[in-house]
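Shown below: my_file04.pdb, with PDB, C-alpha atoms.
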MODEL        1
ATOM      1  CA  MET S1058     -38.140  52.901 224.569
ATOM      2  CA  LEU S1059     -40.195  55.695 223.063
ATOM      3  CA  ILE S1060     -42.199  55.373 219.863
ATOM      4  CA  GLN S1061     -43.143  58.591 218.056
ATOM      5  CA  ARG S1062     -44.879  59.346 214.762
ATOM      6  CA  ASN S1063     -43.889  62.066 212.348
ATOM      7  CA  ARG S1064     -46.945  64.205 211.779
ATOM      8  CA  LYS S1065     -45.899  65.381 208.300
ATOM      9  CA  CYS S1066     -44.955  62.100 206.649
ATOM     10  CA  GLY S1067     -46.551  59.624 209.042
ATOM     11  CA  ALA S1068     -43.336  57.645 209.553
ATOM     12  CA  GLN S1069     -42.650  56.081 212.931
ATOM     13  CA  PHE S1070     -39.246  55.976 214.560
ATOM     14  CA  THR S1071     -37.976  54.463 217.776
ATOM     15  CA  GLN S1072     -35.685  56.237 220.234
ATOM     16  CA  SER S1073     -33.322  54.049 222.238
ATOM     17  CA  LYS S1074     -29.997  55.062 223.806
ATOM     18  CA  GLY S1075     -29.796  58.234 221.737
ATOM     19  CA  ILE S1076     -30.228  56.473 218.363
ATOM     20  CA  HIS S1077     -33.224  57.465 216.240
ATOM     21  CA  THR S1078     -34.307  54.635 213.932
ATOM     22  CA  LEU S1079     -36.942  54.895 211.210
ATOM     23  CA  GLU S1080     -39.235  52.015 210.527
ATOM     24  CA  ARG S1081     -37.543  51.493 207.179
ATOM     25  CA  GLY S1082     -34.354  50.627 209.050
ATOM     26  CA  LYS S1083     -32.152  53.638 208.258
ATOM     27  CA  THR S1084     -30.837  55.703 211.127
ATOM     28  CA  THR S1085     -30.902  59.484 211.078
ATOM     29  CA  ARG S1086     -27.262  59.451 212.232
ATOM     30  CA  SER S1087     -26.175  57.691 209.010
ATOM     31  CA  MET S1088     -28.188  60.186 206.975
ATOM     32  CA  VAL S1089     -26.365  63.062 208.632
ATOM     33  CA  ARG S1090     -23.043  61.322 208.063
ATOM     34  CA  ASP S1091     -23.788  60.822 204.352
ATOM     35  CA  CYS S1092     -24.794  64.450 204.045
ATOM     36  CA  VAL S1093     -21.573  65.584 205.716
ATOM     37  CA  LEU S1094     -19.480  63.360 203.436
ATOM     38  CA  PHE S1095     -21.298  64.704 200.373
ATOM     39  CA  VAL S1096     -20.708  68.320 201.411
ATOM     40  CA  ASN S1097     -17.042  67.605 202.190
ATOM     41  CA  ALA S1098     -16.589  65.988 198.774
ATOM     42  CA  TRP S1099     -18.002  69.041 197.020
ATOM     43  CA  LEU S1100     -15.862  71.380 199.094
ATOM     44  CA  TRP S1101     -12.742  69.344 198.284
ATOM     45  CA  PHE S1102     -13.588  69.398 194.549
ATOM     46  CA  ILE S1103     -14.173  73.168 194.511
ATOM     47  CA  ILE S1104     -11.004  73.886 196.495
ATOM     48  CA  SER S1105      -8.873  71.570 194.325
ATOM     49  CA  MET S1106     -10.223  73.126 191.108
ATOM     50  CA  ASN S1107      -9.536  76.629 192.372
ATOM     51  CA  TYR S1108      -6.047  75.572 193.445
ATOM     52  CA  THR S1109      -5.284  73.976 190.063
ATOM     53  CA  THR S1110      -6.655  76.965 188.164
ATOM     54  CA  SER S1111      -4.684  79.391 190.287
ATOM     55  CA  ARG S1112      -1.511  77.335 189.823
ATOM     56  CA  MET S1113      -2.015  77.285 186.039
ATOM     57  CA  PHE S1114      -2.713  81.016 185.987
ATOM     58  CA  MET S1115       0.383  81.699 188.070
ATOM     59  CA  PHE S1116       2.495  79.481 185.773
ATOM     60  CA  ILE S1117       1.279  81.188 182.595
ATOM     61  CA  HIS S1118       1.460  84.632 184.140
ATOM     62  CA  LEU S1119       4.985  84.109 185.440
ATOM     63  CA  PHE S1120       6.168  82.507 182.160
ATOM     64  CA  LYS S1121       7.425  85.795 180.701
ATOM     65  CA  GLY S1122      10.688  87.643 180.225
ATOM     66  CA  MET S1123      13.880  86.058 178.879
ATOM     67  CA  GLY S1124      13.976  82.286 178.566
ATOM     68  CA  THR S1125      14.969  79.205 176.567
ATOM     69  CA  GLN S1126      12.808  76.289 175.449
ATOM     70  CA  VAL S1127      13.947  73.032 173.848
ATOM     71  CA  TRP S1128      11.339  70.855 172.133
ATOM     72  CA  LYS S1129      11.809  67.227 173.134
ATOM     73  CA  LYS S1130      10.647  65.622 169.873
ATOM     74  CA  SER S1131      12.379  67.843 167.286
ATOM     75  CA  SER S1132      15.178  69.179 169.552
ATOM     76  CA  ALA S1133      14.449  72.657 168.167
ATOM     77  CA  ILE S1134      15.370  75.516 170.472
ATOM     78  CA  TYR S1135      14.019  79.013 171.061
ATOM     79  CA  GLN S1136      15.983  81.657 172.922
ATOM     80  CA  GLY S1137      14.510  85.053 173.622
ATOM     81  CA  GLU S1138      11.638  86.948 175.185
ATOM     82  CA  TRP S1139       8.355  85.425 176.378
ATOM     83  CA  LYS S1140       4.934  86.730 177.310
ATOM     84  CA  PHE S1141       1.996  84.699 178.648
ATOM     85  CA  GLY S1142       3.782  81.448 177.833
ATOM     86  CA  LYS S1143       4.510  82.250 174.158
ATOM     87  CA  PRO S1144       7.449  83.784 172.265
ATOM     88  CA  ASP S1145       6.841  87.522 172.291
ATOM     89  CA  GLY S1146       9.495  90.130 171.624
ATOM     90  CA  CYS S1147      12.986  89.529 170.259
ATOM     91  CA  GLY S1148      14.096  85.921 169.875
ATOM     92  CA  THR S1149      15.929  83.294 167.814
ATOM     93  CA  TYR S1150      14.615  79.923 166.628
ATOM     94  CA  SER S1151      17.093  77.191 165.640
ATOM     95  CA  VAL S1152      16.810  73.557 164.539
ATOM     96  CA  LEU S1153      19.131  70.607 165.086
ATOM     97  CA  LEU S1154      20.734  69.124 161.957
ATOM     98  CA  PRO S1155      20.678  65.309 162.236
ATOM     99  CA  GLU S1156      23.773  64.908 160.038
ATOM    100  CA  THR S1157      26.149  67.163 161.958
ATOM    101  CA  LYS S1158      24.306  67.315 165.317
ATOM    102  CA  GLU S1159      24.754  71.076 165.206
ATOM    103  CA  TYR S1160      22.150  73.809 165.480
ATOM    104  CA  GLU S1161      21.236  75.904 162.443
ATOM    105  CA  LYS S1162      19.553  79.275 162.839
ATOM    106  CA  LYS S1163      16.181  79.490 161.079
ATOM    107  CA  TYR S1164      14.712  82.785 162.239
ATOM    108  CA  SER S1165      15.991  85.744 164.187
ATOM    109  CA  GLY S1166      13.831  88.758 164.890
ATOM    110  CA  MET S1167      10.585  89.880 166.462
ATOM    111  CA  TRP S1168       7.722  87.687 167.681
ATOM    112  CA  LYS S1169       4.162  88.278 168.812
ATOM    113  CA  ASN S1170       1.832  85.760 170.419
ATOM    114  CA  GLY S1171       4.045  82.857 169.328
ATOM    115  CA  LYS S1172       4.338  83.914 165.653
ATOM    116  CA  LYS S1173       6.867  85.855 163.583
ATOM    117  CA  HIS S1174       5.693  89.446 163.689
ATOM    118  CA  GLY S1175       7.694  92.601 162.984
ATOM    119  CA  SER S1176      11.203  92.834 161.544
ATOM    120  CA  GLY S1177      13.156  89.612 161.182
ATOM    121  CA  THR S1178      15.354  87.380 159.032
ATOM    122  CA  TYR S1179      14.436  83.845 157.968
ATOM    123  CA  PHE S1180      16.945  81.306 156.619
ATOM    124  CA  TYR S1181      15.467  78.635 154.334
ATOM    125  CA  LYS S1182      16.769  75.077 153.825
ATOM    126  CA  ASN S1183      18.701  76.125 150.734
ATOM    127  CA  SER S1184      20.673  79.348 150.436
ATOM    128  CA  ALA S1185      17.518  81.485 150.167
ATOM    129  CA  VAL S1186      17.153  84.254 152.773
ATOM    130  CA  TYR S1187      14.365  86.710 153.537
ATOM    131  CA  GLU S1188      14.903  89.851 155.573
ATOM    132  CA  GLY S1189      12.122  92.294 156.246
ATOM    133  CA  GLU S1190       8.728  92.620 157.878
ATOM    134  CA  TRP S1191       6.412  89.845 159.079
ATOM    135  CA  GLY S1192       2.771  89.648 160.087
ATOM    136  CA  GLU S1193       1.031  86.687 161.763
ATOM    137  CA  GLY S1194       3.874  84.376 160.720
ATOM    138  CA  ASN S1195       3.832  85.457 157.042
ATOM    139  CA  ARG S1196       5.984  87.810 154.996
ATOM    140  CA  SER S1197       3.947  91.020 155.073
ATOM    141  CA  GLY S1198       5.086  94.602 154.529
ATOM    142  CA  TRP S1199       8.428  95.580 153.053
ATOM    143  CA  GLY S1200      11.125  92.967 152.572
ATOM    144  CA  ARG S1201      14.045  91.691 150.521
ATOM    145  CA  MET S1202      14.187  88.091 149.281
ATOM    146  CA  TYR S1203      17.407  86.423 148.138
ATOM    147  CA  TYR S1204      16.428  83.338 146.118
ATOM    148  CA  ASP S1205      18.655  80.283 145.844
ATOM    149  CA  ASN S1206      19.078  80.794 142.060
ATOM    150  CA  GLY S1207      20.516  84.290 142.567
ATOM    151  CA  ASP S1208      17.390  86.379 141.873
ATOM    152  CA  ILE S1209      16.695  89.247 144.287
ATOM    153  CA  TYR S1210      13.282  90.763 144.982
ATOM    154  CA  GLU S1211      12.862  93.950 146.970
ATOM    155  CA  GLY S1212       9.476  95.468 147.665
ATOM    156  CA  GLU S1213       6.101  94.911 149.279
ATOM    157  CA  TRP S1214       4.645  91.609 150.518
ATOM    158  CA  MET S1215       1.272  90.379 151.698
ATOM    159  CA  TRP S1216       0.357  86.916 153.041
ATOM    160  CA  ASP S1217       3.760  85.482 152.125
ATOM    161  CA  LYS S1218       3.624  86.647 148.466
ATOM    162  CA  SER S1219       4.967  89.689 146.615
ATOM    163  CA  HIS S1220       2.104  92.162 146.510
ATOM    164  CA  GLY S1221       2.229  95.893 145.778
ATOM    165  CA  GLN S1222       5.206  97.768 144.330
ATOM    166  CA  GLY S1223       8.441  95.869 143.905
ATOM    167  CA  LEU S1224      11.652  95.373 141.960
ATOM    168  CA  ILE S1225      13.175  92.028 141.005
ATOM    169  CA  LYS S1226      16.637  91.547 139.519
ATOM    170  CA  TYR S1227      17.339  88.314 137.670
ATOM    171  CA  THR S1228      20.684  86.554 137.441
ATOM    172  CA  ASN S1229      20.882  87.151 133.661
ATOM    173  CA  GLY S1230      20.837  90.930 134.220
ATOM    174  CA  ASN S1231      17.175  91.565 133.380
ATOM    175  CA  TRP S1232      14.900  93.222 135.918
ATOM    176  CA  TYR S1233      11.276  94.206 136.406
ATOM    177  CA  GLU S1234       9.966  97.211 138.283
ATOM    178  CA  GLY S1235       6.278  97.813 138.889
ATOM    179  CA  ALA S1236       3.094  96.396 140.372
ATOM    180  CA  TRP S1237       2.654  92.909 141.832
ATOM    181  CA  GLU S1238      -0.354  90.917 142.949
ATOM    182  CA  ASP S1239      -0.518  87.440 144.467
ATOM    183  CA  GLY S1240       3.143  86.799 143.643
ATOM    184  CA  LYS S1241       2.871  87.708 139.933
ATOM    185  CA  ARG S1242       3.405  90.802 137.789
ATOM    186  CA  ASN S1243       0.008  92.509 137.693
ATOM    187  CA  GLY S1244      -0.679  96.096 136.663
ATOM    188  CA  ASN S1245       1.628  98.718 135.192
ATOM    189  CA  GLY S1246       5.319  97.935 135.091
ATOM    190  CA  LYS S1247       8.611  98.111 133.207
ATOM    191  CA  PHE S1248      10.679  95.126 132.140
ATOM    192  CA  TYR S1249      14.305  95.802 131.193
ATOM    193  CA  PHE S1250      15.847  93.258 128.813
ATOM    194  CA  SER S1251      19.412  94.300 129.577
ATOM    195  CA  ASP S1252      20.858  91.290 127.742
ATOM    196  CA  GLN S1253      19.104  92.384 124.510
ATOM    197  CA  GLY S1254      19.041  96.137 125.099
ATOM    198  CA  GLN S1255      15.255  96.586 125.057
ATOM    199  CA  LEU S1256      12.614  98.020 127.362
ATOM    200  CA  TYR S1257       8.967  97.008 127.615
ATOM    201  CA  GLU S1258       6.623  99.390 129.413
ATOM    202  CA  GLY S1259       2.955  98.576 129.774
ATOM    203  CA  PHE S1260       0.279  96.529 131.488
ATOM    204  CA  TRP S1261       0.670  93.028 132.930
ATOM    205  CA  ALA S1262      -1.844  90.357 133.952
ATOM    206  CA  ASP S1263      -0.861  87.218 135.904
ATOM    207  CA  GLY S1264       2.779  87.617 134.886
ATOM    208  CA  ILE S1265       2.073  88.060 131.145
ATOM    209  CA  ALA S1266       2.561  91.299 129.192
ATOM    210  CA  LYS S1267      -0.780  92.338 127.707
ATOM    211  CA  CYS S1268      -0.460  95.828 126.262
ATOM    212  CA  GLY S1269       2.532  98.156 126.109
ATOM    213  CA  ILE S1270       5.398  99.731 124.177
ATOM    214  CA  LEU S1271       8.678  97.989 123.313
ATOM    215  CA  SER S1272      11.688 100.199 122.589
ATOM    216  CA  ASP S1273      15.481  99.999 122.471
ATOM    217  CA  PHE S1274      17.224 100.723 125.750
ATOM    218  CA  GLY S1275      20.996 100.463 126.124
ATOM    219  CA  ARG S1276      21.272  98.374 122.971
ATOM    220  CA  ASP S1277      24.891  99.390 122.341
ATOM    221  CA  GLN S1278      26.001  98.005 125.730
ATOM    222  CA  ALA S1279      23.855  94.841 125.591
ATOM    223  CA  PRO S1280      25.804  91.535 125.466
ATOM    224  CA  LYS S1281      23.237  89.927 123.121
ATOM    225  CA  PRO S1282      21.497  92.733 121.204
ATOM    226  CA  THR S1283      18.718  92.035 118.741
ATOM    227  CA  LYS S1284      19.686  91.655 115.092
ATOM    228  CA  TYR S1285      17.825  94.773 114.033
ATOM    229  CA  PRO S1286      17.060  97.845 116.119
ATOM    230  CA  ILE S1287      13.504  98.997 116.571
ATOM    231  CA  PRO S1288      12.940 101.834 114.076
ATOM    232  CA  PRO S1289      11.921 105.177 115.550
ATOM    233  CA  LEU S1290       8.338 106.345 115.230
ATOM    234  CA  GLU S1291       8.301 109.075 112.552
ATOM    235  CA  LEU S1292       4.582 109.530 111.978
ATOM    236  CA  LYS S1293       3.415 113.121 112.156
ATOM    237  CA  GLU S1294       0.081 112.200 113.747
ATOM    238  CA  PRO S1295       0.449 108.755 115.348
ATOM    239  CA  GLN S1296      -2.739 109.229 117.407
ATOM    240  CA  SER S1297      -4.901 109.403 114.315
ATOM    241  CA  VAL S1298      -3.154 106.393 112.769
ATOM    242  CA  PHE S1299      -3.801 104.259 115.840
ATOM    243  CA  GLY S1300      -7.375 105.539 116.114
ATOM    244  CA  ILE S1301      -6.829 107.659 119.252
ATOM    245  CA  ASP S1302      -8.218 111.190 119.098
ATOM    246  CA  GLU S1303      -7.150 114.018 121.378
ATOM    247  CA  GLN S1304     -10.358 113.869 123.430
ATOM    248  CA  GLN S1305      -9.837 110.183 124.261
ATOM    249  CA  GLN S1306      -6.187 110.838 125.050
ATOM    250  CA  GLU S1307      -7.089 113.532 127.588
ATOM    251  CA  THR S1308      -9.743 111.363 129.244
ATOM    252  CA  PRO S1309      -8.293 109.825 132.434
TER
ENDMDL
END
Write the structure described by the file as structure tokens, please.
Amino acid sequence: MLIQRNRKCGAQFTQSKGIHTLERGKTTRSMVRDCVLFVNAWLWFIISMNYTTSRMFMFIHLFKGMGTQVWKKSSAIYQGEWKFGKPDGCGTYSVLLPETKEYEKKYSGMWKNGKKHGSGTYFYKNSAVYEGEWGEGNRSGWGRMYYDNGDIYEGEWMWDKSHGQGLIKYTNGNWYEGAWEDGKRNGNGKFYFSDQGQLYEGFWADGIAKCGILSDFGRDQAPKPTKYPIPPLELKEPQSVFGIDEQQQETP
């Protein structure tokens, strides 16, 4: 048996049959074993994480092209193109009707990053239908909306509301053509009262006519004309009567 002292820390250890034992009772062999186990555990963790990450990357990367997905909870189904695990390209989204157990088409058109984007047609719960351009899942750009009450709007959209220039035709025969903002008539526009044979042309704010000119338009063919026609303007100098001089009239 050989007793030695560590010069750096002053600890004594005994050597017997190839086993080095510290005075505290812990063998250097067990310390090496613990160190090896610790290193192996870290290596296994790093390798497993890299393997899982690579498998996930391969799954997402390969999840592209044509494919079909059925949602387990709602039984909705998507058929079309995929890219990076999301609908991207041309595809159709349908839902299952619980009453008839048949699928009803909800949207057919272009997708981008899992949202409706580009040209497409959306079928609402009632008979309303929208066909036109989409952006980030909202009606944006040019489009035509067929409402369930029979009204038809054709024009520009932004963030799912009529915005810009557009024309709407009502079921009673009247129609409006002009500027829109946030889903309401805003700006300059013309409203044709075809049932009464009159035309209003002027400025609108939040769907209400503020300032404009009302005149007869197709009164002879109107189904419900007004009792009295609007008399023609016969003033020689209407600008001076209304307080508008020529200089103000020429000012843009």
Could you tell me how far CA of Ile1134 (chain S) lies from CA of Gly1171 (chain S), in Å and to one decimal?
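Taking CA of Ile1134 (chain S) and CA of Gly1171 (chain S), their separation equals 13.5 Å.
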Which polymer residues have any atom within 7 Å of an atom of Gly1259 (chain S), counting only C-alpha atoms, with same-chain residues fewer than 5 positions away left out, as a PyMOL selection string?
chain S and resi 1245-1247+1268-1270
Residues from last step as file, C-alpha atoms, as an mmCIF file, in the coordinates of the input:
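Generated output (part03.cif):
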data_model
loop_
_atom_site.group_PDB
_atom_site.id
_atom_site.type_symbol
_atom_site.label_atom_id
_atom_site.label_comp_id
_atom_site.auth_asym_id
_atom_site.auth_seq_id
_atom_site.Cartn_x
_atom_site.Cartn_y
_atom_site.Cartn_z
ATOM 1 C CA ASN S 1245 1.628 98.718 135.192
ATOM 2 C CA GLY S 1246 5.319 97.935 135.091
ATOM 3 C CA LYS S 1247 8.611 98.111 133.207
ATOM 4 C CA CYS S 1268 -0.460 95.828 126.262
ATOM 5 C CA GLY S 1269 2.532 98.156 126.109
ATOM 6 C CA ILE S 1270 5.398 99.731 124.177
#
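The two atoms in question, CA of Asp1205 (chain S) and CA of Gly1230 (chain S), are spaced 15.9 Å apart.
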Would you mind reading off the distance between CA of Val1127 (chain S) and CA of Lys1173 (chain S), one decimal, in Å?
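Taking CA of Val1127 (chain S) and CA of Lys1173 (chain S), their separation equals 17.9 Å.
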Using all atoms listed in the file, which of S:Thr1125, S:Thr1149, S:Ser1197, S:Asn1206 sits nearest Phe1180 (chain S)?
S:Thr1149
Centre and edge lengths of an axis-aligned box around all listed atoms of region 1138-1153 of chain S, with 5 Å added on each side, are to be given in Å to one decimal, as JSON.
{"center_x": 10.6, "center_y": 80.4, "center_z": 171.6, "size_x": 27.1, "size_y": 29.5, "size_z": 24.1}
Smallest atom-to-atom distance to Pro1289 (chain S): which of S:Gly1189, S:Trp1139, S:Ser1184, S:Leu1271, using all atoms listed in the file?
S:Leu1271
Please enumerate the residues selected by the PyMOL selection byres ((chain S and resi 1219) around 7) when evaluated against the supplied file, formatted as a PyMOL selection string.
chain S and resi 1213-1215+1218+1220-1221+1237-1240
Reference answer for the PyMOL selection byres ((chain S and resi 1211) around 9), as a list in words
Trp1199, Gly1200, Arg1201, Met1202, Tyr1203, Ile1209, Tyr1210, Gly1212, Glu1213, Ser1219, Gln1222, Gly1223, Leu1224, Ile1225 and Lys1226 of chain S
Anything within 8 Å of (10.0, 90.6, 162.8): list those residues as a PyMOL selection string, counting all atoms listed in the file and sticking to the file's coordinates.
chain S and resi 1165-1168+1173-1178+1189-1192
Could you pull the residues within 10 Å of Gly1122 (chain S), counting all atoms listed in the file, minus those fewer than 2 positions along the same chain, as a PDB file with C-alpha atoms, in the coordinates of the input?
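The result, written out as selection_6.pdb:
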ATOM      1  CA  LEU S1119       4.985  84.109 185.440  1.00  0.00           C
ATOM      2  CA  PHE S1120       6.168  82.507 182.160  1.00  0.00           C
ATOM      3  CA  GLY S1124      13.976  82.286 178.566  1.00  0.00           C
ATOM      4  CA  GLY S1137      14.510  85.053 173.622  1.00  0.00           C
ATOM      5  CA  GLU S1138      11.638  86.948 175.185  1.00  0.00           C
ATOM      6  CA  TRP S1139       8.355  85.425 176.378  1.00  0.00           C
ATOM      7  CA  LYS S1140       4.934  86.730 177.310  1.00  0.00           C
ATOM      8  CA  PHE S1141       1.996  84.699 178.648  1.00  0.00           C
ATOM      9  CA  GLY S1142       3.782  81.448 177.833  1.00  0.00           C
ATOM     10  CA  PRO S1144       7.449  83.784 172.265  1.00  0.00           C
ATOM     11  CA  ASP S1145       6.841  87.522 172.291  1.00  0.00           C
ATOM     12  CA  GLY S1146       9.495  90.130 171.624  1.00  0.00           C
TER      13      GLY S1146
END
Would you fill out region 1145-1164 of chain S with N, CA and C atoms and return it as an mmCIF file, in the frame of the given file?
data_model
loop_
_atom_site.group_PDB
_atom_site.id
_atom_site.type_symbol
_atom_site.label_atom_id
_atom_site.label_comp_id
_atom_site.auth_asym_id
_atom_site.auth_seq_id
_atom_site.Cartn_x
_atom_site.Cartn_y
_atom_site.Cartn_z
ATOM 1 N N ASP S 1145 7.369 86.179 172.514
ATOM 2 C CA ASP S 1145 6.841 87.522 172.291
ATOM 3 C C ASP S 1145 7.957 88.520 172.565
ATOM 4 N N GLY S 1146 8.364 89.219 171.503
ATOM 5 C CA GLY S 1146 9.495 90.130 171.624
ATOM 6 C C GLY S 1146 10.597 89.706 170.672
ATOM 7 N N CYS S 1147 11.834 89.878 171.091
ATOM 8 C CA CYS S 1147 12.986 89.529 170.259
ATOM 9 C C CYS S 1147 13.477 88.132 170.620
ATOM 10 N N GLY S 1148 13.649 87.275 169.599
ATOM 11 C CA GLY S 1148 14.096 85.921 169.875
ATOM 12 C C GLY S 1148 14.646 85.231 168.646
ATOM 13 N N THR S 1149 15.295 84.076 168.877
ATOM 14 C CA THR S 1149 15.929 83.294 167.814
ATOM 15 C C THR S 1149 15.444 81.856 167.889
ATOM 16 N N TYR S 1150 15.079 81.311 166.725
ATOM 17 C CA TYR S 1150 14.615 79.923 166.628
ATOM 18 C C TYR S 1150 15.613 79.140 165.786
ATOM 19 N N SER S 1151 16.092 78.012 166.323
ATOM 20 C CA SER S 1151 17.093 77.191 165.640
ATOM 21 C C SER S 1151 16.653 75.737 165.648
ATOM 22 N N VAL S 1152 17.130 74.981 164.648
ATOM 23 C CA VAL S 1152 16.810 73.557 164.539
ATOM 24 C C VAL S 1152 18.102 72.753 164.567
ATOM 25 N N LEU S 1153 17.974 71.496 164.990
ATOM 26 C CA LEU S 1153 19.131 70.607 165.086
ATOM 27 C C LEU S 1153 19.276 69.817 163.795
ATOM 28 N N LEU S 1154 20.462 69.876 163.174
ATOM 29 C CA LEU S 1154 20.734 69.124 161.957
ATOM 30 C C LEU S 1154 21.116 67.694 162.329
ATOM 31 N N PRO S 1155 20.378 66.692 161.839
ATOM 32 C CA PRO S 1155 20.678 65.309 162.236
ATOM 33 C C PRO S 1155 22.023 64.812 161.715
ATOM 34 N N GLU S 1156 22.510 65.389 160.598
ATOM 35 C CA GLU S 1156 23.773 64.908 160.038
ATOM 36 C C GLU S 1156 24.967 65.347 160.879
ATOM 37 N N THR S 1157 24.997 66.617 161.232
ATOM 38 C CA THR S 1157 26.149 67.163 161.958
ATOM 39 C C THR S 1157 25.915 67.309 163.456
ATOM 40 N N LYS S 1158 24.651 67.133 163.909
ATOM 41 C CA LYS S 1158 24.306 67.315 165.317
ATOM 42 C C LYS S 1158 24.614 68.733 165.796
ATOM 43 N N GLU S 1159 24.536 69.674 164.872
ATOM 44 C CA GLU S 1159 24.754 71.076 165.206
ATOM 45 C C GLU S 1159 23.477 71.867 164.924
ATOM 46 N N TYR S 1160 23.340 72.983 165.639
ATOM 47 C CA TYR S 1160 22.150 73.809 165.480
ATOM 48 C C TYR S 1160 22.333 74.794 164.329
ATOM 49 N N GLU S 1161 21.250 74.959 163.556
ATOM 50 C CA GLU S 1161 21.236 75.904 162.443
ATOM 51 C C GLU S 1161 20.144 76.938 162.690
ATOM 52 N N LYS S 1162 20.505 78.198 162.598
ATOM 53 C CA LYS S 1162 19.553 79.275 162.839
ATOM 54 C C LYS S 1162 18.540 79.337 161.698
ATOM 55 N N LYS S 1163 17.242 79.396 162.075
ATOM 56 C CA LYS S 1163 16.181 79.490 161.079
ATOM 57 C C LYS S 1163 15.554 80.874 161.036
ATOM 58 N N TYR S 1164 15.339 81.459 162.201
ATOM 59 C CA TYR S 1164 14.712 82.785 162.239
ATOM 60 C C TYR S 1164 15.274 83.568 163.409
#
